[in-house]
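Visitor: I am attaching a structure below and will ask some questions about it afterwards.
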Amino acid sequence: MVIFEYDKDVDAAYIYLKHPIKEGEAKKTIALNNNIILDFDKEQKLIGLEVLSASRVLSRKALSEAKAV
């Protein structure tokens with residue numbers, strides 16, 4: 001189940017491909033650019049991605065459909 005959250009106060013979104021992600025479960029993090037960060041587990045499986053400056057990267061429609069944090 002994919003869960004999409006948006007924190008308007010910090011303008012960041014997180015897309016969980018696995019939920020919940022336990023503390024320390026993300027073993028590798030790769031920054032694709034200044035706005036997109038990927039989190040992988042110990043088996044190199046993508047478990048989530050963070051979008052910084054989300055209001056500039058994602059559509060208003062997408063952000064309005066996200067769960068507010």
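Chain labels A, B, ... are given in the sequence in which chains occur in the structure tokens; within each chain residues are numbered consecutively from 1, and ligands are likewise numbered from 1 in the order shown.
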Would you kindly return, as JSON, numbers by chain, each protein, DNA or RNA residue with an atom no farther than 6 Å from any atom of A:Val51, considering only C-alpha atoms and excluding same-chain residues fewer than 4 positions away?

Guide: {"A": [12, 13, 35, 36]}

Visitor: Could you pull out all residues of chain A with a DSSP call of strand (DSSP E or B) and give them as an MDAnalysis selection string?

Guide: chainID A and resid 3:7 12:16 28:31 36:40 46:52 67:68

Visitor: Would you please work out which residue, of A:Val2, A:Leu17, A:Val10, A:Ala31, is nearest to A:Ile47 when using only C-alpha atoms?

Guide: A:Leu17

Visitor: Report as a ChimeraX atom specification all protein, DNA and RNA residues lying within 12 Å of A:Glu50, evaluated on only C-alpha atoms, omitting residues in the same chain fewer than 6 positions from it.

Guide: /A:3-7,11-17,29-40,57-58

Visitor: Quick one: write out the picked residues with C-alpha atoms as a PDB file, in the first residue's frame?

Guide:
```pdb
ATOM      1  CA  ILE A   3       0.861   6.252   1.449  1.00  0.00           C
ATOM      2  CA  PHE A   4       1.488   9.856   0.414  1.00  0.00           C
ATOM      3  CA  GLU A   5       1.974  12.511   3.103  1.00  0.00           C
ATOM      4  CA  TYR A   6       2.609  16.234   2.813  1.00  0.00           C
ATOM      5  CA  ASP A   7       3.877  18.585   5.506  1.00  0.00           C
ATOM      6  CA  ASP A  11       6.996  21.970   2.187  1.00  0.00           C
ATOM      7  CA  ALA A  12       8.060  18.327   2.054  1.00  0.00           C
ATOM      8  CA  ALA A  13       6.221  15.240   0.859  1.00  0.00           C
ATOM      9  CA  TYR A  14       6.974  11.591   1.579  1.00  0.00           C
ATOM     10  CA  ILE A  15       5.737   8.648  -0.437  1.00  0.00           C
ATOM     11  CA  TYR A  16       5.818   5.420   1.553  1.00  0.00           C
ATOM     12  CA  LEU A  17       6.139   2.293  -0.568  1.00  0.00           C
ATOM     13  CA  THR A  29      19.702   6.987   0.925  1.00  0.00           C
ATOM     14  CA  ILE A  30      20.325   8.388  -2.540  1.00  0.00           C
ATOM     15  CA  ALA A  31      19.698  12.005  -3.491  1.00  0.00           C
ATOM     16  CA  LEU A  32      18.646  12.101  -7.146  1.00  0.00           C
ATOM     17  CA  ASN A  33      18.849  15.886  -7.077  1.00  0.00           C
ATOM     18  CA  ASN A  34      18.241  18.707  -4.589  1.00  0.00           C
ATOM     19  CA  ASN A  35      14.555  17.770  -4.295  1.00  0.00           C
ATOM     20  CA  ILE A  36      14.204  13.977  -4.606  1.00  0.00           C
ATOM     21  CA  ILE A  37      15.650  11.565  -2.030  1.00  0.00           C
ATOM     22  CA  LEU A  38      15.217   7.786  -2.240  1.00  0.00           C
ATOM     23  CA  ASP A  39      15.317   5.446   0.789  1.00  0.00           C
ATOM     24  CA  PHE A  40      16.278   1.770   0.426  1.00  0.00           C
ATOM     25  CA  VAL A  57       7.959  19.932  -7.777  1.00  0.00           C
ATOM     26  CA  LEU A  58       4.508  18.351  -7.449  1.00  0.00           C
TER      27      LEU A  58
END
```

Visitor: Just how far from atom CA of A:Ala66 is atom CA of A:His19, in Å to one decimal?

Guide: 14.9 Å
